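All remarks here apply to the structure that follows.
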Amino acid sequence: MSNNIESTLVENRVFKPAKDFAKKARIGSMAQYRKMWKESVTKPEKFFAREAADLTWQKKWTKVLEWKCPYAKWFIGGKLNVAENCLDRHLGTARANKAAIIWQGEPMGEKRTLTYAQLHREVCRFANVLKRNGVKNGDRVLIYMPMVPEAAVAMLACARIGAMHSVVFGGFSAESIKDRVLDSGAKIILTADGGFRRGAVVPLKKNVDDALTLLAGGGANPVKRVIVFKRTGQEVHIEEGRDVWWSRELEYVDADCPPALLDAETPLFILYTSGSTGKPKGILHTTGGYLLHAYMTCKYVFDLRDEDVYWCTADVGWVTGHTYMVYGPLAMGATSFMYEGAPNWPENDRFWQIIEENGVTVFYTAPTAIRAFMKWGDSWVKKHDLSSLRLLGTVGEPINPEAWMWYHRTIGGSRCPIVDTWWQTETGGHMITPLPGATPTKPGTATLPFFGVDAAVVDDAGNELGANQGGKLVIRKPWPSMLRGIWGDKARYKATYWSEYKGMYFAGDGARRDKDGNFWIVGRIDDVLNVAGHRLGTAEVESALVSHPSVAEAAVVGKPDELKGQAVVCFVTVKEGVKADRALRDALRAHVRKVIGPVATPDEVRFAGGLPKTRSGKIMRRLLKQIAAGEALKGDTTTLEDFSVVATLAAAED
Ligand code: PRX
């Protein structure tokens, strides 16, 4: 995508922050950035103590950082409450009656605004609903909600009483919900009858019912209560004694719920994400460090102001929705815009219409969406006045320079800086990103590390590489919002992130730095795919495929895709006597959707006589990737067990 001559030329263009933007920005020069960054990595305790003073602490910490690699503790002895920081502290100020959340539903004309005072009240009441239903400090609460303000209310209510939430994206299946309930031990599920997406209704409650049936069948169902928010009004099953309506529960409670006094290292949430092996892992984030990083990145990267209308288009089921729709902007006292549905409903200009109607000033979305907008054409954009925009952001995958340029010119009117933010579920917030008033940007690079982030590109032995040498991306020091572990699996935490190199966090991405120090992220170098900005483990899709009775073996790889970044290609061998035909191919696609969810739908299913393996029996993914991409085979094949397999694979078509 980005390897043609045009993009090479574009890559070398430098865009300096406009003078008037830099003048107003909190960080207005590279000298200021460099000075602060240096202090943040050489004297992190001093630096972060100063920054943390912006938050509201019920009790001040006694020590900023304790680092026993790979375990970090930040703000030891400090006590605070995330919900108090996102809500209560704004109430005594002019922000009390400003919009905290402006929401639009997918059906045209549906709009709600919650001021900080109103959101505070809703959160307190719902926190009392949780208490009434037996939720206590340390309990896990599974949230499977559409994009409605109640999703944020639910998260903040958990934070208020010290319960952990685990939000599951609405595009995941009943089976995925079941796995997450079992792993987290959630006693309660918060859901809705359904949600609107591209004109259709997503059957959320039905998926929860199916998950609970699966759990009951397995003999282990920790879920005692399901609270159902009425969103679509469709008919749903209500199980007497287990399921209750959200609105009915609210009738029993008042709005008096003081924020719990919580230790800075109290777990805030678990968010499941895909790895290169096994089932998704529960990434654990805690209170003080996470909140500080969420707050600081909104302050310095988005440079949020009271007058901004800030819109992050991510679903609340992903980490971007956690940090940059809920916690970061609300901790700043900003106005966070939230939209329920698809960008092309009812027409391809829905986003531009929303920006115009609401005067959105800061807009944060994913490259896959930008590429889709480009394909739909400029005329959809030109119908709307986007002059309110002042800053654009992108996240989720490498942005190809053509998409960057289109975003800059067509959406940003060549006037808005673009912040290309590299980070991960594990990092909690932005790690490598421009600061809009300081950093010169080039299309396609996430540029430089954020405060406290000591990023480097290293070779296999862990030595830092010189300019323009490709290697692995690592972080060499702890940062406040780093994951604190994998829920229930200490060994996997160490093995996944801290065993590749001694004392360094290995992100799973490949990268290079240019001569100016900018990081160019190449993408995942492990067996994790990035499909339309969604993270997907090849192992998960493989295990879904082999759970089908007709499949003997499966191998899944990514293939470059113009819109989605990567497409999911499955190589499948069938069991003796099974007919490998179109009907089976369709059945396998449907099976993967059922097991994981629509996000994992295979783009191609190719039947093969065998899979290429080394003599020790390992599948040679490198070869499969080349075959999937239609490339000539290159590299060493001498360890391949059976050459004829490759011939059958190359002939196999979807
Ligand atoms: O490969 C990187 C890619 O997304 C991965 C993290 O995925 P996830 O945990 O789902 O979080 C996505 C939202 C933060 C990374 O390992 N990635 C994310 N942002 C960028 C990116 N790749 C290149 N440039 C980015 N800006």
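Identifiers in the structure tokens: chain A, B, ... in order shown; residue index from 1 per chain; ligand index from 1 in order shown.
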Among segment 281-487 of chain A, which residues does DSSP mark as alpha helix (DSSP H) when it is run on the backbone? Keep the chain and numbering as in the structure and answer as a ChimeraX atom specification. /A:288-300,319-321,328-332,350-358,367-376,378-382,401-406
Just want the residues within 7 Å of ligand 1, written as a list in words, counting only C-alpha atoms and all ligand atoms. Thr273, Trp318, Val319, Thr320, Thr394, Val395, Gly396, Glu397, Pro398, Ile399, Asp420, Thr421, Trp422, Trp423, Gln424, Thr425, Glu426, Ala446, Ala507, Gly508, Asp509, Ile521, Val522, Gly523, Arg524, Asn530, Gly533, His534 and Arg535 of chain A
List every residue of segment 442-488 of chain A that has an atom at most 10 Å from any atom of segment 24-35 of chain A, giving for each one its closest atom pair and the distance in Å to one decimal, counting only C-alpha atoms, sorted by chain and then by ascending residue number, as a tab-separated table.
residue	atom	partner	partner_atom	distance
A:Leu448	CA	A:Tyr33	CA	9.9
A:Phe450	CA	A:Tyr33	CA	9.0
A:Phe451	CA	A:Tyr33	CA	8.5
Please produce a file of those selected residues containing C-alpha atoms, as a short mmCIF file (atom, residue, chain, number, x, y, z; two decimals), in the first residue's frame.
data_model
loop_
_atom_site.label_atom_id
_atom_site.label_comp_id
_atom_site.auth_asym_id
_atom_site.auth_seq_id
_atom_site.Cartn_x
_atom_site.Cartn_y
_atom_site.Cartn_z
CA LEU A 448 8.29 10.65 19.04
CA PHE A 450 5.32 10.71 24.96
CA PHE A 451 6.51 11.80 28.41
#
Contacts of Trp352 of chain A within 10 Å, only C-alpha atoms, excl. fewer than 6 positions in-chain, as a list of chain:residue names: A:Pro343, A:Asn358, A:Val360, A:Trp380, A:Val381, A:Lys382, A:Lys383, A:His384, A:Asp385, A:Leu386, A:Ile411
What's the 10 Å shell around Val568 of chain A, counting only C-alpha atoms, without same-chain residues fewer than 3 positions away, as a PyMOL selection string? chain A and resi 529-531+536+538+541+556-561+564+600-605+628
I need the strand (DSSP E or B) residues of segment 538-581 of chain A per DSSP on the backbone, written as a PyMOL selection string. chain A and resi 551-561+565-574
